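Visitor: Handing you a structure now.
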Amino acid sequence: MSNNLLIVLSGPSGVGKGTVVSRLLQKGNYALSVSCTTRARREGEVDGKSYFFITKEEFLRTIEEGGFLEYSNHFENYYGTPKKFVEKKLQNYDVILEIEVDGALQVKKSHPEAILIMLVPPSVEELKRRLLGRGTESEEKINARIARMEYELSQKDKYDYTLVNDDLDECVARLEDIIKRKKLTH
Ligand code: ADP
Ligand code: 5GP
């Protein structure tokens, strides 16, 4: 067994998970888990890098085969973490899962040593600004994401840590510190 960690990062859409993760990936021996999803590809997203974009039939088949470490159905689509992909990466890296709360809690059940971190915005107004600023979603989709935020945040006590993504550098430094400390005791 390697000493490598599963690091689960959750938080409302637009809070900055992708931004924080890309900074972290530049800093250390981390790999990002690439999820499978049935949602449509956004402009700029690359199949196999952003997600593995698969059909609902393929997704349901993979569920039956036990191929997901966790999965969830939200925003009218399926999202799941491919088990084999993560197991392979774990041999050499600490693996970051950028997933929502239901999936994160499934991971904690099967892998109690996983570290669960909830990223929260400095305020709801700032979250809306970031989502609008990113410009990837229609107003309807932004509203759906904001509506889900309340549920996501209500689950934060089940997480090991809550981190405010206000100043980006500070947030990334805190995250690194949490991971380093966990690795000492893991
Ligand atoms: P998520 O992956 O959680 O949906 P993104 O990483 O796409 O969020 O970030 C949403 C938007 O917020 C992006 O335009 C990003 O540049 C911006 N952003 C991320 N972190 C910060 C921060 N600490 N301060 C200000 N803007 C941020
Ligand atoms: P988006 O459609 O904006 O890319 O992602 C929507 C939500 O799905 C985000 O909260 C994201 O973290 C979550 N998500 C992405 N991949 C997975 C996954 O594999 N499993 C689960 N449970 N959630 C995921």
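Simple scheme: letters A, B, ... for chains in structure tokens order, numbers from 1 for residues in each chain, numbers from 1 for ligands in the order shown.
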If you run DSSP on the backbone here, which positions in chain A get strand (DSSP E)? Please write them as a VMD selection string.
Guide: chain A and resid 6 to 10 30 to 32 36 to 37 52 to 53 68 to 74 77 to 82 94 to 98 115 to 120 161 to 164
Visitor: How would the residues just chosen look if you wrote them out with N, CA, C and O atoms as a compact mmCIF listing (two decimals), in the first residue's frame?
Guide:
```txt
# COMPACT_ATOMS: atom_id res chain seq x y z
N LEU A 6 -6.18 10.34 -0.71
CA LEU A 6 -7.30 10.82 -1.52
C LEU A 6 -7.72 12.16 -0.91
O LEU A 6 -8.05 12.23 0.28
N ILE A 7 -7.69 13.20 -1.72
CA ILE A 7 -8.07 14.53 -1.24
C ILE A 7 -9.36 14.93 -1.96
O ILE A 7 -9.36 15.05 -3.19
N VAL A 8 -10.42 15.08 -1.19
CA VAL A 8 -11.72 15.38 -1.81
C VAL A 8 -12.06 16.85 -1.60
O VAL A 8 -12.12 17.32 -0.47
N LEU A 9 -12.24 17.54 -2.71
CA LEU A 9 -12.55 18.97 -2.64
C LEU A 9 -13.96 19.20 -3.17
O LEU A 9 -14.26 18.84 -4.30
N SER A 10 -14.80 19.79 -2.32
CA SER A 10 -16.16 20.11 -2.73
C SER A 10 -16.43 21.59 -2.51
O SER A 10 -15.63 22.30 -1.89
N TYR A 30 0.81 15.82 -7.18
CA TYR A 30 -0.63 15.56 -7.16
C TYR A 30 -1.13 15.15 -8.54
O TYR A 30 -0.57 15.58 -9.55
N ALA A 31 -2.19 14.35 -8.55
CA ALA A 31 -2.88 14.06 -9.81
C ALA A 31 -4.35 14.36 -9.59
O ALA A 31 -4.88 14.17 -8.48
N LEU A 32 -4.99 14.83 -10.63
CA LEU A 32 -6.42 15.13 -10.55
C LEU A 32 -7.21 13.95 -11.12
O LEU A 32 -6.89 13.46 -12.20
N CYS A 36 -16.24 10.86 -14.96
CA CYS A 36 -17.12 10.62 -16.10
C CYS A 36 -18.38 11.46 -15.91
O CYS A 36 -18.84 11.62 -14.78
N THR A 37 -18.91 11.99 -16.98
CA THR A 37 -20.20 12.70 -16.87
C THR A 37 -21.03 12.49 -18.12
O THR A 37 -20.48 12.26 -19.20
N PHE A 52 -14.42 12.62 -18.74
CA PHE A 52 -14.70 11.66 -19.80
C PHE A 52 -16.18 11.85 -20.10
O PHE A 52 -17.02 11.59 -19.23
N PHE A 53 -16.50 12.34 -21.27
CA PHE A 53 -17.90 12.59 -21.63
C PHE A 53 -18.49 11.31 -22.21
O PHE A 53 -18.05 10.85 -23.27
N PHE A 68 -17.42 2.57 -10.51
CA PHE A 68 -17.25 3.90 -9.91
C PHE A 68 -16.88 3.82 -8.43
O PHE A 68 -17.43 3.00 -7.68
N LEU A 69 -15.96 4.68 -8.04
CA LEU A 69 -15.61 4.83 -6.63
C LEU A 69 -16.80 5.48 -5.91
O LEU A 69 -17.09 5.21 -4.75
N GLU A 70 -17.48 6.37 -6.62
CA GLU A 70 -18.70 7.04 -6.16
C GLU A 70 -19.36 7.62 -7.39
O GLU A 70 -18.71 7.83 -8.39
N TYR A 71 -20.66 7.89 -7.28
CA TYR A 71 -21.32 8.63 -8.36
C TYR A 71 -22.54 9.34 -7.81
O TYR A 71 -23.00 9.03 -6.70
N SER A 72 -23.02 10.29 -8.59
CA SER A 72 -24.19 11.05 -8.15
C SER A 72 -24.95 11.55 -9.36
O SER A 72 -24.37 11.68 -10.45
N ASN A 73 -26.23 11.83 -9.16
CA ASN A 73 -27.04 12.39 -10.22
C ASN A 73 -27.49 13.77 -9.76
O ASN A 73 -28.24 13.88 -8.80
N HIS A 74 -26.98 14.81 -10.39
CA HIS A 74 -27.39 16.17 -10.03
C HIS A 74 -27.34 17.05 -11.27
O HIS A 74 -26.69 16.69 -12.25
N ASN A 77 -27.88 15.34 -14.61
CA ASN A 77 -26.87 14.50 -15.26
C ASN A 77 -26.17 13.62 -14.25
O ASN A 77 -26.21 13.90 -13.05
N TYR A 78 -25.52 12.59 -14.76
CA TYR A 78 -24.72 11.72 -13.90
C TYR A 78 -23.27 12.18 -13.89
O TYR A 78 -22.75 12.60 -14.93
N TYR A 79 -22.66 12.07 -12.71
CA TYR A 79 -21.23 12.34 -12.57
C TYR A 79 -20.64 11.23 -11.71
O TYR A 79 -21.24 10.85 -10.70
N GLY A 80 -19.48 10.71 -12.08
CA GLY A 80 -18.89 9.64 -11.27
C GLY A 80 -17.38 9.57 -11.39
O GLY A 80 -16.80 9.98 -12.41
N THR A 81 -16.75 9.02 -10.35
CA THR A 81 -15.29 8.88 -10.31
C THR A 81 -14.91 7.47 -10.74
O THR A 81 -15.29 6.51 -10.07
N PRO A 82 -14.17 7.34 -11.84
CA PRO A 82 -13.78 6.00 -12.29
C PRO A 82 -12.77 5.36 -11.33
O PRO A 82 -11.72 5.93 -11.05
N ASP A 94 -0.68 11.73 -4.76
CA ASP A 94 -1.87 12.07 -3.97
C ASP A 94 -2.93 12.47 -4.99
O ASP A 94 -2.64 13.27 -5.90
N VAL A 95 -4.13 11.93 -4.86
CA VAL A 95 -5.14 12.16 -5.91
C VAL A 95 -6.24 13.11 -5.41
O VAL A 95 -6.80 12.90 -4.33
N ILE A 96 -6.50 14.13 -6.21
CA ILE A 96 -7.53 15.12 -5.87
C ILE A 96 -8.82 14.79 -6.59
O ILE A 96 -8.84 14.62 -7.81
N LEU A 97 -9.91 14.69 -5.83
CA LEU A 97 -11.23 14.48 -6.40
C LEU A 97 -12.02 15.77 -6.24
O LEU A 97 -12.22 16.23 -5.12
N GLU A 98 -12.46 16.32 -7.37
CA GLU A 98 -13.25 17.56 -7.29
C GLU A 98 -14.70 17.18 -7.52
O GLU A 98 -15.16 17.12 -8.65
N ILE A 115 -9.33 12.70 2.92
CA ILE A 115 -9.48 13.99 3.60
C ILE A 115 -10.50 14.83 2.82
O ILE A 115 -10.37 15.03 1.62
N LEU A 116 -11.55 15.27 3.53
CA LEU A 116 -12.66 15.99 2.88
C LEU A 116 -12.57 17.48 3.19
O LEU A 116 -12.60 17.88 4.36
N ILE A 117 -12.48 18.26 2.14
CA ILE A 117 -12.34 19.71 2.31
C ILE A 117 -13.45 20.44 1.55
O ILE A 117 -13.66 20.18 0.36
N MET A 118 -14.15 21.31 2.26
CA MET A 118 -15.23 22.09 1.64
C MET A 118 -14.73 23.51 1.40
O MET A 118 -14.31 24.19 2.33
N LEU A 119 -14.78 23.92 0.15
CA LEU A 119 -14.39 25.29 -0.20
C LEU A 119 -15.64 26.17 -0.19
O LEU A 119 -16.64 25.81 -0.81
N VAL A 120 -15.59 27.28 0.51
CA VAL A 120 -16.77 28.17 0.57
C VAL A 120 -16.38 29.57 0.09
O VAL A 120 -15.23 29.98 0.21
N TYR A 161 -12.55 19.69 6.90
CA TYR A 161 -12.16 21.11 6.93
C TYR A 161 -13.08 21.95 6.06
O TYR A 161 -13.56 21.47 5.03
N THR A 162 -13.28 23.21 6.48
CA THR A 162 -13.94 24.20 5.63
C THR A 162 -12.92 25.29 5.36
O THR A 162 -12.27 25.78 6.28
N LEU A 163 -12.76 25.64 4.09
CA LEU A 163 -11.77 26.66 3.72
C LEU A 163 -12.47 27.78 2.94
O LEU A 163 -13.20 27.49 1.98
N VAL A 164 -12.24 29.02 3.33
CA VAL A 164 -12.82 30.15 2.59
C VAL A 164 -11.88 30.53 1.45
O VAL A 164 -10.70 30.77 1.67
```
Visitor: Which of chain A counts as alpha helix (DSSP H) under DSSP, as a PyMOL selection string please?
Guide: chain A and resi 17-27+56-64+83-90+101-110+124-134+139-154+168-185
Visitor: Which is closer to Ser33 (chain A) than all the others in A:Asn4, A:Ser50, A:Ser123, A:Thr55, using only C-alpha atoms?
Guide: A:Ser50
Visitor: Per residue of chain A within 12 Å of ligand 1, note the shortest atom pair and the distance in Å to one decimal, counting only C-alpha atoms and all ligand atoms, and order the rows by chain and increasing residue number, as a tab-separated table.
Guide:
```
residue	atom	partner	partner_atom_place_in_ligand_line	distance
A:Leu9	CA	ligand 1	3 (O)	9.4
A:Ser10	CA	ligand 1	3 (O)	8.0
A:Gly11	CA	ligand 1	3 (O)	6.5
A:Pro12	CA	ligand 1	3 (O)	6.1
A:Ser13	CA	ligand 1	4 (O)	3.9
A:Gly14	CA	ligand 1	4 (O)	3.5
A:Val15	CA	ligand 1	3 (O)	4.1
A:Gly16	CA	ligand 1	8 (O)	3.3
A:Lys17	CA	ligand 1	3 (O)	3.7
A:Gly18	CA	ligand 1	6 (O)	3.6
A:Thr19	CA	ligand 1	6 (O)	3.7
A:Val20	CA	ligand 1	6 (O)	6.5
A:Val21	CA	ligand 1	6 (O)	7.9
A:Ser22	CA	ligand 1	6 (O)	8.5
A:Arg23	CA	ligand 1	6 (O)	10.2
A:Glu45	CA	ligand 1	7 (O)	11.9
A:Ser50	CA	ligand 1	2 (O)	10.9
A:Leu97	CA	ligand 1	2 (O)	11.7
A:Glu98	CA	ligand 1	2 (O)	8.2
A:Ile99	CA	ligand 1	3 (O)	9.8
A:Glu100	CA	ligand 1	3 (O)	10.2
A:Met118	CA	ligand 1	3 (O)	10.6
A:Leu119	CA	ligand 1	3 (O)	8.2
A:Val120	CA	ligand 1	3 (O)	9.2
A:Pro121	CA	ligand 1	23 (N)	8.3
A:Pro122	CA	ligand 1	23 (N)	8.9
A:Ser123	CA	ligand 1	24 (N)	11.3
A:Glu125	CA	ligand 1	25 (C)	11.9
A:Glu126	CA	ligand 1	25 (C)	8.2
A:Leu127	CA	ligand 1	12 (O)	7.6
A:Lys128	CA	ligand 1	12 (O)	9.2
A:Arg129	CA	ligand 1	12 (O)	7.8
A:Arg130	CA	ligand 1	12 (O)	4.1
A:Leu131	CA	ligand 1	10 (C)	5.6
A:Leu132	CA	ligand 1	11 (C)	8.0
A:Gly133	CA	ligand 1	14 (O)	5.5
A:Arg134	CA	ligand 1	14 (O)	4.1
A:Gly135	CA	ligand 1	14 (O)	7.9
A:Thr136	CA	ligand 1	7 (O)	9.0
A:Glu137	CA	ligand 1	4 (O)	10.5
A:Ile142	CA	ligand 1	4 (O)	10.6
A:Arg145	CA	ligand 1	4 (O)	9.5
A:Ile146	CA	ligand 1	4 (O)	11.2
A:Met149	CA	ligand 1	3 (O)	11.1
A:Leu163	CA	ligand 1	23 (N)	11.1
A:Val164	CA	ligand 1	23 (N)	8.6
A:Asn165	CA	ligand 1	23 (N)	4.9
A:Asp166	CA	ligand 1	23 (N)	4.6
A:Asp167	CA	ligand 1	23 (N)	4.7
A:Leu168	CA	ligand 1	23 (N)	3.8
A:Asp169	CA	ligand 1	23 (N)	7.6
A:Glu170	CA	ligand 1	23 (N)	8.6
A:Cys171	CA	ligand 1	23 (N)	7.4
A:Val172	CA	ligand 1	23 (N)	9.2
A:Ala173	CA	ligand 1	23 (N)	12.0
```
Visitor: From the options A:Lys27, A:Ser2, A:Glu43, A:Phe75, which residue's atoms come nearest to Ala147 (chain A), counting only C-alpha atoms?
Guide: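 Smallest separation from Ala147 (chain A) among the options: A:Phe75.
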Visitor: Using only C-alpha atoms and all ligand atoms, which residue out of A:His186, A:Lys108, A:Arg41, A:Arg181 lies closest to ligand 2?
Guide: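 Answer, going by the shortest atom-to-atom distance: A:Arg41.
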